[in-house]
4 protein chains.
Amino acid sequence: MNTIGTAFRITLFGSSHGTAVGCTVDGCPPGISIRREDLESDLSLRRPEPGIGTARIEEDAIGIISGLVDSVSTGTPITITIANRDVDSSKYIKFKRIPRPGHADFPAIMRYGEAHDIRGGGQFSGRMTAPLVAAGTVAKALLSMLGVKVAAYTQSIGKVVDDDDHDLQLVLEESRQNSIRAASADMAELMRGEILSAAEDGDSVGGAIQCHCEGLPVGVGEPFFDTLEGEISKMLFSIPGVKGVEFGSGFRAAGMRGSEHNDPYAALEGQVITVTNNHGGILGGLSTGMPLRIRVAFKPTASIAKEQRSVDLATMKEASLRIEGRHDPCIVPRAVVVVEAVVSIVLVDLCLRGGFLG
Amino acid sequence: MNTIGTAFRITLFGSSHGTAVGCTVDGCPPGISIRREDLESDLSLRRPEPGIGTARIEEDAIGIISGLVDSVSTGTPITITIANRDVDSSKYIKFKRIPRPGHADFPAIMRYGEAHDIRGGGQFSGRMTAPLVAAGTVAKALLSMLGVKVAAYTQSIGKVVDDDDHDLQLVLEESRQNSIRAASADMAELMRGEILSAAEDGDSVGGAIQCHCEGLPVGVGEPFFDTLEGEISKMLFSIPGVKGVEFGSGFRAAGMRGSEHNDPYAALEGQVITVTNNHGGILGGLSTGMPLRIRVAFKPTASIAKEQRSVDLATMKEASLRIEGRHDPCIVPRAVVVVEAVVSIVLVDLCLRGGFLG
Amino acid sequence: MNTIGTAFRITLFGSSHGTAVGCTVDGCPPGISIRREDLESDLSLRRPEPGIGTARIEEDAIGIISGLVDSVSTGTPITITIANRDVDSSKYIKFKRIPRPGHADFPAIMRYGEAHDIRGGGQFSGRMTAPLVAAGTVAKALLSMLGVKVAAYTQSIGKVVDDDDHDLQLVLEESRQNSIRAASADMAELMRGEILSAAEDGDSVGGAIQCHCEGLPVGVGEPFFDTLEGEISKMLFSIPGVKGVEFGSGFRAAGMRGSEHNDPYAALEGQVITVTNNHGGILGGLSTGMPLRIRVAFKPTASIAKEQRSVDLATMKEASLRIEGRHDPCIVPRAVVVVEAVVSIVLVDLCLRGGFLG
Amino acid sequence: MNTIGTAFRITLFGSSHGTAVGCTVDGCPPGISIRREDLESDLSLRRPEPGIGTARIEEDAIGIISGLVDSVSTGTPITITIANRDVDSSKYIKFKRIPRPGHADFPAIMRYGEAHDIRGGGQFSGRMTAPLVAAGTVAKALLSMLGVKVAAYTQSIGKVVDDDDHDLQLVLEESRQNSIRAASADMAELMRGEILSAAEDGDSVGGAIQCHCEGLPVGVGEPFFDTLEGEISKMLFSIPGVKGVEFGSGFRAAGMRGSEHNDPYAALEGQVITVTNNHGGILGGLSTGMPLRIRVAFKPTASIAKEQRSVDLATMKEASLRIEGRHDPCIVPRAVVVVEAVVSIVLVDLCLRGGFLG
């Protein structure tokens with residue numbers, strides 16, 4: 001279902017090629033300042049760079065239907081719409097018969113039958129992440145009251161991997177300066193090369209996003225089953241294209257020894273900290289007060305210009321397929337603000353549930 | 001909260017060092033055969049091998065309180081208890097003052113204060129996975145009615161990695177033959193060496209579990225937010241020690257190109273299949289009918305014999321800590337059946353919700 | 001929270017004096033015909049009759065944002081907005097200081113503080129029932145596929161009580177012919193007199209609504225806790241002004257004997273029926289196949305022209321209060337379609353959960 | 001499903017004629033004193049009086065499986081079992097073929113088929129209210145920390161109606177002195193006569209329960225959809241035999257005028273109070289600080305000694321039915337503590353959700 005969250009609840013609606021997409025955010029306390037500029041600023045980070053992203057022009061005209069009066073929350077649900085523009089749906093019809101590899105076409109047709117709205121990917125489209133970003137803007141406004149900051153950046157594109165550990169404040173500044181959302185201009189250049197090279201080949205490329213969070217109080221989360229990792233990962237895997245999620249040391253932990261992995265505690269200015277951060281800021285499903293470290297793997301965009309093999313569902317014979325139009329050769333830079341949004345939404349929900357907020 | 005699931009709902013209760021741990025399974029249709037032997041057989045896979053696992057003797061005496069009459073489900077909630085034995089709680093008291101690195105002690109004390117039941121890890125203990133395994137036995141009985149099989153095995157321990165792709169049926173047979181739950185006797189031997197070597201050093205070691213699932217109909221799952229990946233990962237991250245979850249190509253996808261990653265469709269005996277399985281059996285949050293491929297990373301056991309650095313919370317001074325007693329040098333082999341249980345539970349819930357079962 | 005339902009889920013948004021009110025309906029299967037005329041027709045039943053209802057002109061301009069293409073559901077969430085018009089909010093400000101008797105002003109100010117949007121009753125306004133009616137139109141379209149009909153009528157206004165048991169089909173026809181939504185023209189006349197008499201006195205009057213439902217299969221509902229009565233009553237008590245809900249014999253049952261109350265079973269054309277219907281179509285939380293009988297008590301409208309006693313919260317001194325403008329002297333006729341909507345929504349949710357639909 | 005609540009969550013399990021019934025209470029903060037005597041004391045109020053209630057001996061042997069250490073909550077789920085005794089299930093078998101009027105037999109067989117556990121009413125049995133009472137004991141312990149008191153009493157039995165408004169403290173004392181749970185010894189005598197008269201005729205009789213609550217802070221509840229009335233009524237309708245629920249003036253409100261029904265505000269010792277209490281302590285779904293007034297109608301017990309008409313489902317021919325054994329001629333006195341429990345459970349959930357507790 002399109003609703004998630006317990007004390008801070010998001011409901012998505014719309015689909016790629018309808019009138020609009022949107023969200024309702026329930027549980028935002030009254031009195032919070034949320035300006036149209038904040039919503040627009042976050043949404044602009046999701047827009048494709050010409051030449052890198054899709055040619056589809058997304059103006060993201062925002063409608064605020066309820067919940068905000070004079071840029072301040074009233075305590076009632078906040079409903080925001082983002083108009084859909086530039087829609088040419090005709091070319092999608094054939095995918096009902098010949099499903100695109102790597103897309104949801106095939107299982108969706110099997111599940112929902114003829115009435116499945118396949119245009120632009122329907123409910124499975126990356127377009128649904130636009131209202132998620134808007135909900136994220138609301139969440140960030142709430143987190144800032146707690147002094148909590150969330151920042152993500154592009155950690156890898158194809159073979160180009162940024163292995164450095166970056167400061168969150170620097171990430172917030174640097175990654176906004178380049179359209180790759182890389183943590184440094186140098187990395188942005190290398191990664192841009194990787195994307196353009198794929199694009200030239202009529203191909204696409206995957207990547208990974210790193211998300212940091214600082215300022216979270218100790219003890220946010222729940223032990224069973226609503227752990228910090230569990231709630232974050234559930235929502236991250238809703239983002240189209242995500243194939244893996246890890247926290248702290250993540251998959252590297254599988255090759256480590258306990259004496260190496262355990263982060264020793266130390267006292268610093270009256271606070272308990274850990275000397276290292278393999279645990280990624282979470283133990284037992286609860287935040288430890290150390291920075292969160294989350295890494296998300298994205299597969300390469302499924303829509304590519306190259307000819308692909310599929311099956312004609314009408315004849316059950318193999319068929320070749322060519323996807324017309326231009327598509328993102330790499331979704332990762334646009335997904336950075338989506339990851340930030342998702343993490344922020346989950347943190348607000350768990351902070352409200354645990355009594356840390358409002 | 002300790003309840004999860006929509007149409008198939010699990011509630012856990014108990015804690016490591018109380019009278020018992022247990023679960024209530026709600027939503028199991030009437031008429032399903034669930035025998036005590038099945039419950040015992042699955043639970044026995046979670047028991048430590050002497051020399052490899054903890055010395056704590058876990059007899060797992062099962063109590064069936066409700067929901068089963070003559071080994072058949074009645075349609076009312078199934079409540080199963082597993083008695084706790086061999087409990088010496090005294091040694092845990094000091095961890096309220098000096099939290100163990102890598103354990104939930106510190107955030108739990110900050111969140112729950114003095115009344116936190118720290119004995120044996122309380123609610124954060126791996127002991128809570130025993131009733132999960134029992135709930136998994138119920139789920140497997142339901143899945144077998146659909147012809148769905150779930151099988152997991154130890155894919156890596158420390159530096160020993162099993163990169164082969166194993167047949168599910170073979171996994172079900174082989175991994176039961178060795179206490180490492182490896183997919184082959186050779187691998188079991190190498191992995192056992194890795195564990196024993198860590199144990200000799202008073203240390204522990206991490207690992208990864210691979211879980212396969214075959215026979216799932218096309219279309220199981222939900223597009224937003226209750227995706228197959230999202231629901232599985234949320235519950236997997238409840239298992240103590242899990243640091244990462246990936247599906248299909250997982251993190252490798254980040255380095256791939258679309259033409260390489262997209263799995264072409266083909267027709268085989270009137271069925272649509274994919275030629276490769278980078279997507280891991282899931283697209284758009286829905287099953288594709290291809291085998292599920294899930295990989296889970298476990299950190300090394302936090303409890304090690306070596307001296308560690310921590311902080312005395314009473315004095316806020318650094319303090320060294322030594323954890324007495326014997327602990328699992330590696331949790332991974334015992335977690336294999338837990339991963340199977342969790343995946344099975346989620347699949348039943350989504351099959352029931354989608355009308356595929358019952 | 002503003003979301004309700006498990007398999008058929010309604011999210012309300014907006015408030016009385018914002019831009020619009022609206023709802024998102026999640027869980028509607030694809031392929032269902034839902035026309036704008038159907039939505040308008042149901043909403044028109046909620047509009048006040050001049051002279052009887054409020055003078056506020058509610059045009060109910062409907063916006064369909066998502067989920068319907070060419071009047072057919074696509075399977076994605078259906079979002080409908082209803083524009084707010086004719087808003088003069090200034091007169092509500094004083095109620096933040098001097099709460100109106102019988103309104104939510106006082107507890108809302110205590111709970112939400114200064115940011116509480118009191119204009120027009122904010123989130124507590126009867127205006128929020130407009131999107132409920134729209135969601136009810138979607139629910140009725142689904143129920144009609146099952147051959148289920150829901151019809152409500154005004155059973156009493158003040159001292160005028162209609163004690164006859166009316167045929168559902170007749171109710172559907174007659175109650176649309178008069179603006180009181182009475183089951184006969186004669187009753188409508190008497191009830192209208194009761195309302196006009198109260199209006200002349202600057203007063204208001206309460207009443208009761210009877211809701212029938214026919215065609216429901218046997219076994220819809222859940223035993224514990226999601227009973228048919230429980231789910232219906234929970235949602236009915238969300239309608240502003242509802243003070244009591246009863247099923248079948250209701251409160252009369254308290255004075256009866258078992259031999260009198262028990263409805264004997266009989267066989268009729270291969271169907272099991274009950275000879276009488278004290279049980280109101282529900283036993284053990286499940287439908288029995290007999291017609292549902294639900295009765296809902298509404299208090300008189302809280303806003304009256306007469307001077308009333310209240311307290312000035314700033315000075316904590318008693319103060320007299322006069323509510324300007326014109327208000328419904330009786331809310332009951334307009335609430336008839338709301339009760340129909342609520343009952344329909346709950347029935348669809350429970351039919352979907354029980355596998356009776358879709 | 002057998003789970004209810006958001007921040008304070010109850011899961012019921014067991015059935016009338018299995019080994020035990022029980023509940024898991026999740027969300028109880030650590031450090032709360034809950035003694036076995038408190039549990040036993042509340043459960044004893046649910047036990048039948050010889051001659052008035054059923055002859056089935058219910059010892060209510062309590063097992064505390066988890067969540068309490070030395071009578072203090074640990075913060076983990078509290079699981080309590082109550083053993084079933086004195087079970088003779090054989091006589092229930094025939095009701096699978098010839099359903100009892102007024103019982104859930106018929107819809108349950110249609111819904112669940114052959115595997116339905118009909119013994120003693122299975123999941124539909126009043127026996128399931130025993131663990132509800134135990135959960136209520138936990139809830140009352142939490143409410144007492146807030147200074148909130150909940151007390152119910154038998155307000156009517158058959159034609160004997162107690163129309164007085166009783167003081168809560170008196171109710172707590174008086175209603176424990178007589179086995180009818182009446183608010184005065186005189187009323188108890190009259191009501192006992194009504195029950196014995198029905199019993200002599202091989203018949204049963206209905207009644208009503210009044211529940212008061214004092215000390216609740218202002219603002220407990222939610223506006224939409226989780227209103228105080230909605231949450232309470234949903235759970236009350238889970239109690240077998242409940243046919244109606246009303247708050248404050250309830251169904252009488254339908255016949256009243258606004259000037260009569262609106263409760264004027266007044267200031268008393270720096271507190272805002274209402275002069276009358278037609279609203280029953282709730283406005284807009286939120287508590288007003290005035291005493292809650294809840295009334296619940298119970299139908300007469302469905303099991304009576306008299307011969308009744310039913311249908312033989314095997315032949316679809318009408319058949320007469322005689323129910324052997326002894327049954328409660330009136331369930332109302334035993335249900336008083338159940339109503340208290342249900343109201344207490346909902347109040348704790350809403351207090352926790354609103355930040356009023358813990």
# chains A, B, ... in the order shown; residues from 1 in each chain; ligands from 1

call {"tool": "closest_atom_pairs", "arguments": {"of": "chain C", "to": "chain A", "cutoff": "10 Å", "atoms": "only C-alpha atoms", "output": "Markdown table"}}
result
| residue | atom | partner | partner_atom | distance |
| --- | --- | --- | --- | --- |
| C:Met1 | CA | A:Asp26 | CA | 6.8 |
| C:Asn2 | CA | A:Asp26 | CA | 7.0 |
| C:Thr3 | CA | A:Thr3 | CA | 8.4 |
| C:Thr6 | CA | A:Met1 | CA | 8.9 |
| C:Ala7 | CA | A:Met1 | CA | 8.1 |
| C:Phe8 | CA | A:Met1 | CA | 9.1 |
| C:Arg9 | CA | A:Met1 | CA | 8.3 |
| C:Ile10 | CA | A:Thr3 | CA | 9.9 |
| C:Thr11 | CA | A:Thr11 | CA | 7.7 |
| C:Leu12 | CA | A:Pro77 | CA | 7.8 |
| C:Phe13 | CA | A:Pro77 | CA | 5.4 |
| C:Gly14 | CA | A:Ser66 | CA | 4.6 |
| C:Ser15 | CA | A:Ser66 | CA | 7.0 |
| C:Ser16 | CA | A:Ser66 | CA | 10.0 |
| C:His17 | CA | A:Ser66 | CA | 9.6 |
| C:Gly18 | CA | A:Ser66 | CA | 6.2 |
| C:Thr19 | CA | A:Ile65 | CA | 5.9 |
| C:Ala20 | CA | A:Ile65 | CA | 6.1 |
| C:Val21 | CA | A:Ser66 | CA | 7.4 |
| C:Gly22 | CA | A:Ile65 | CA | 8.8 |
| C:Cys23 | CA | A:Thr24 | CA | 9.4 |
| C:Thr24 | CA | A:Phe13 | CA | 7.3 |
| C:Val25 | CA | A:Phe13 | CA | 9.1 |
| C:Asp26 | CA | A:Met1 | CA | 6.8 |
| C:Gly27 | CA | A:Met1 | CA | 7.1 |
| C:Pro29 | CA | A:Tyr112 | CA | 8.2 |
| C:Pro30 | CA | A:Ala115 | CA | 5.4 |
| C:Gly31 | CA | A:Ala115 | CA | 5.5 |
| C:Ile32 | CA | A:Ala115 | CA | 9.2 |
| C:Ile64 | CA | A:Thr19 | CA | 8.4 |
| C:Ile65 | CA | A:Thr19 | CA | 5.9 |
| C:Ser66 | CA | A:Gly14 | CA | 4.6 |
| C:Gly67 | CA | A:Gly14 | CA | 6.5 |
| C:Leu68 | CA | A:Gly18 | CA | 8.7 |
| C:Val69 | CA | A:Gly18 | CA | 8.0 |
| C:Val72 | CA | A:Ala115 | CA | 8.7 |
| C:Ser73 | CA | A:Ala115 | CA | 7.9 |
| C:Thr74 | CA | A:Asp117 | CA | 5.7 |
| C:Gly75 | CA | A:His116 | CA | 6.9 |
| C:Thr76 | CA | A:Gln123 | CA | 6.4 |
| C:Pro77 | CA | A:Phe13 | CA | 5.4 |
| C:Ile78 | CA | A:Phe13 | CA | 7.1 |
| C:Thr79 | CA | A:Phe13 | CA | 6.7 |
| C:Thr81 | CA | A:Ile65 | CA | 8.6 |
| C:Ala83 | CA | A:Ile65 | CA | 9.3 |
| C:Tyr112 | CA | A:Pro30 | CA | 7.2 |
| C:Gly113 | CA | A:Pro30 | CA | 8.5 |
| C:Glu114 | CA | A:Gly31 | CA | 8.2 |
| C:Ala115 | CA | A:Pro30 | CA | 5.4 |
| C:His116 | CA | A:Thr74 | CA | 6.0 |
| C:Asp117 | CA | A:Thr74 | CA | 5.7 |
| C:Ile118 | CA | A:Thr74 | CA | 9.5 |
| C:Gly122 | CA | A:Thr76 | CA | 8.1 |
| C:Gln123 | CA | A:Thr76 | CA | 6.4 |
| C:Phe124 | CA | A:Thr76 | CA | 9.9 |

call {"tool": "select_by_dssp", "arguments": {"residues": "range 14-255 of chain A", "states": "strand (DSSP E)", "output": "number ranges by chain"}}
result
A: 14, 20-26, 62-66, 68-69, 72-73, 78-83, 149-157, 160-161, 207-214, 242-247

call {"tool": "select_by_dssp", "arguments": {"residues": "range 209-352 of chain C", "states": "helix (DSSP H, G or I)", "output": "PyMOL selection string"}}
result
chain C and resi 228-236+250-255+258-261+332-352

call {"tool": "write_last_selection", "arguments": {"atoms": "N, CA and C atoms", "output": "short mmCIF file (atom, residue, chain, number, x, y, z; two decimals), in the first residue's frame"}}
result
data_model
loop_
_atom_site.label_atom_id
_atom_site.label_comp_id
_atom_site.auth_asym_id
_atom_site.auth_seq_id
_atom_site.Cartn_x
_atom_site.Cartn_y
_atom_site.Cartn_z
N LEU C 228 -17.07 -6.81 12.38
CA LEU C 228 -17.89 -5.97 11.52
C LEU C 228 -18.43 -4.78 12.31
N GLU C 229 -18.96 -5.05 13.51
CA GLU C 229 -19.51 -3.95 14.32
C GLU C 229 -18.40 -3.00 14.75
N GLY C 230 -17.26 -3.56 15.15
CA GLY C 230 -16.17 -2.73 15.66
C GLY C 230 -15.62 -1.80 14.60
N GLU C 231 -15.41 -2.33 13.41
CA GLU C 231 -14.86 -1.52 12.32
C GLU C 231 -15.84 -0.45 11.89
N ILE C 232 -17.12 -0.82 11.79
CA ILE C 232 -18.13 0.16 11.38
C ILE C 232 -18.26 1.25 12.45
N SER C 233 -18.33 0.85 13.72
CA SER C 233 -18.57 1.85 14.77
C SER C 233 -17.38 2.78 14.90
N LYS C 234 -16.17 2.24 14.78
CA LYS C 234 -15.00 3.11 14.90
C LYS C 234 -15.08 4.26 13.90
N MET C 235 -15.42 3.92 12.68
CA MET C 235 -15.43 4.94 11.64
C MET C 235 -16.66 5.85 11.79
N LEU C 236 -17.80 5.29 12.22
CA LEU C 236 -18.98 6.13 12.43
C LEU C 236 -18.72 7.19 13.50
N GLY C 250 -29.96 -3.60 19.26
CA GLY C 250 -29.24 -2.53 19.95
C GLY C 250 -29.53 -2.46 21.42
N PHE C 251 -29.83 -1.23 21.91
CA PHE C 251 -30.05 -1.05 23.33
C PHE C 251 -31.31 -1.75 23.83
N ARG C 252 -32.26 -2.01 22.92
CA ARG C 252 -33.45 -2.75 23.34
C ARG C 252 -33.08 -4.16 23.81
N ALA C 253 -31.99 -4.69 23.28
CA ALA C 253 -31.57 -6.04 23.66
C ALA C 253 -31.36 -6.17 25.16
N ALA C 254 -30.94 -5.05 25.78
CA ALA C 254 -30.65 -5.09 27.22
C ALA C 254 -31.87 -5.46 28.04
N GLY C 255 -33.08 -5.19 27.50
CA GLY C 255 -34.29 -5.48 28.24
C GLY C 255 -34.97 -6.77 27.82
N GLY C 258 -33.49 -14.16 26.22
CA GLY C 258 -32.85 -14.91 25.15
C GLY C 258 -33.84 -15.57 24.21
N SER C 259 -34.90 -16.13 24.77
CA SER C 259 -35.87 -16.84 23.92
C SER C 259 -36.58 -15.89 22.97
N GLU C 260 -36.60 -14.65 23.35
CA GLU C 260 -37.24 -13.60 22.56
C GLU C 260 -36.23 -13.02 21.56
N HIS C 261 -34.98 -12.91 21.99
CA HIS C 261 -33.96 -12.22 21.18
C HIS C 261 -33.33 -13.14 20.13
N VAL C 332 -28.60 16.13 10.53
CA VAL C 332 -28.92 14.74 10.24
C VAL C 332 -29.20 14.46 8.75
N PRO C 333 -30.04 15.25 8.08
CA PRO C 333 -30.32 14.92 6.67
C PRO C 333 -29.06 14.86 5.81
N ARG C 334 -28.12 15.79 6.07
CA ARG C 334 -26.89 15.81 5.30
C ARG C 334 -25.97 14.65 5.67
N ALA C 335 -26.16 14.09 6.87
CA ALA C 335 -25.26 13.02 7.32
C ALA C 335 -25.68 11.64 6.80
N VAL C 336 -26.88 11.57 6.19
CA VAL C 336 -27.36 10.27 5.73
C VAL C 336 -26.39 9.65 4.72
N VAL C 337 -25.96 10.44 3.75
CA VAL C 337 -25.04 9.91 2.74
C VAL C 337 -23.65 9.65 3.32
N VAL C 338 -23.32 10.36 4.39
CA VAL C 338 -22.03 10.13 5.06
C VAL C 338 -22.04 8.76 5.75
N VAL C 339 -23.15 8.46 6.41
CA VAL C 339 -23.27 7.15 7.06
C VAL C 339 -23.20 6.04 6.00
N GLU C 340 -23.89 6.22 4.91
CA GLU C 340 -23.81 5.25 3.80
C GLU C 340 -22.36 5.07 3.34
N ALA C 341 -21.65 6.17 3.22
CA ALA C 341 -20.27 6.11 2.74
C ALA C 341 -19.40 5.33 3.71
N VAL C 342 -19.52 5.66 4.99
CA VAL C 342 -18.68 5.03 6.01
C VAL C 342 -18.94 3.52 6.05
N VAL C 343 -20.21 3.14 6.04
CA VAL C 343 -20.53 1.71 6.09
C VAL C 343 -19.98 1.02 4.84
N SER C 344 -20.13 1.66 3.69
CA SER C 344 -19.64 1.06 2.44
C SER C 344 -18.13 0.88 2.45
N ILE C 345 -17.43 1.88 2.95
CA ILE C 345 -15.96 1.82 3.00
C ILE C 345 -15.51 0.64 3.86
N VAL C 346 -16.11 0.51 5.03
CA VAL C 346 -15.73 -0.58 5.93
C VAL C 346 -16.06 -1.94 5.29
N LEU C 347 -17.21 -2.04 4.65
CA LEU C 347 -17.59 -3.32 4.04
C LEU C 347 -16.60 -3.71 2.94
N VAL C 348 -16.18 -2.74 2.14
CA VAL C 348 -15.20 -3.07 1.08
C VAL C 348 -13.90 -3.56 1.70
N ASP C 349 -13.44 -2.88 2.74
CA ASP C 349 -12.19 -3.28 3.38
C ASP C 349 -12.29 -4.71 3.90
N LEU C 350 -13.38 -5.02 4.58
CA LEU C 350 -13.52 -6.36 5.16
C LEU C 350 -13.79 -7.41 4.08
N CYS C 351 -14.47 -7.04 3.01
CA CYS C 351 -14.66 -7.98 1.89
C CYS C 351 -13.33 -8.30 1.23
N LEU C 352 -12.50 -7.27 1.02
CA LEU C 352 -11.18 -7.51 0.43
C LEU C 352 -10.32 -8.37 1.35
#

call {"tool": "residues_around", "arguments": {"residues": "Ser71 in chain C", "least_positions_apart": "3", "cutoff": "6 Å", "atoms": "only C-alpha atoms", "output": "JSON, numbers by chain"}}
result
{"C": [33, 34, 35, 68]}

call {"tool": "write_last_selection", "arguments": {"atoms": "C-alpha atoms", "output": "CSV table (one decimal), in the first residue's frame"}}
result
chain,number,residue,atom,x,y,z
C,33,SER,CA,-16.0,2.3,-13.5
C,34,ILE,CA,-16.2,5.5,-11.3
C,35,ARG,CA,-17.7,8.4,-13.1
C,68,LEU,CA,-8.9,7.3,-12.7

call {"tool": "atom_distance", "arguments": {"atom1": "CA of Ala151 in chain C", "atom2": "CA of Pro223 in chain D"}}
result
26.4 Å

call {"tool": "residues_around", "arguments": {"residues": "Arg97 in chain B", "least_positions_apart": "5", "cutoff": "9 Å", "atoms": "only C-alpha atoms", "output": "PDB file with C-alpha atoms, in the first residue's frame"}}
result
ATOM      1  CA  PHE B 106      24.738   1.621  25.755  1.00  0.00           C
ATOM      2  CA  VAL B 311      33.550   3.657  29.488  1.00  0.00           C
ATOM      3  CA  ASP B 312      32.311   3.413  33.067  1.00  0.00           C
ATOM      4  CA  LEU B 313      29.019   5.276  32.862  1.00  0.00           C
ATOM      5  CA  ALA B 314      29.045   6.022  36.593  1.00  0.00           C
TER       6      ALA B 314
END

call {"tool": "residues_around", "arguments": {"residues": "Val160 in chain D", "least_positions_apart": "2", "cutoff": "10 Å", "atoms": "only C-alpha atoms", "output": "JSON, numbers by chain"}}
result
{"C": [254, 255], "D": [155, 156, 157, 158, 162, 163, 187, 188, 190, 191, 192, 193, 194, 207]}

call {"tool": "residues_around", "arguments": {"residues": "Thr301 in chain C", "least_positions_apart": "5", "cutoff": "7 Å", "atoms": "only C-alpha atoms", "output": "number ranges by chain"}}
result
C: 204-206, 328-331; D: 258

call {"tool": "closest_residue", "arguments": {"among": "D:Cys28, D:Pro99, D:Ser303, D:Ser125", "to": "Met316 in chain D", "atoms": "only C-alpha atoms"}}
result
D:Pro99

call {"tool": "residues_around", "arguments": {"residues": "Gly219 in chain A", "least_positions_apart": "4", "cutoff": "10 Å", "atoms": "only C-alpha atoms", "output": "list of chain:residue names"}}
result
A:Pro223, A:Leu228, A:Ile282, A:Leu283, A:Gly284, A:Gly285, A:Leu286, A:Ser287, A:Thr288, A:Gly289, A:Leu350, A:Cys351, A:Gly354, A:Phe356, B:Ala104, B:Phe106, B:Pro107, B:Ala108, B:Ile109, B:Met110, B:Arg111, B:Tyr112

call {"tool": "closest_residue", "arguments": {"among": "D:Glu49, D:Gln271, D:Thr315, D:Asn262", "to": "Lys299 in chain C", "atoms": "only C-alpha atoms"}}
result
D:Asn262
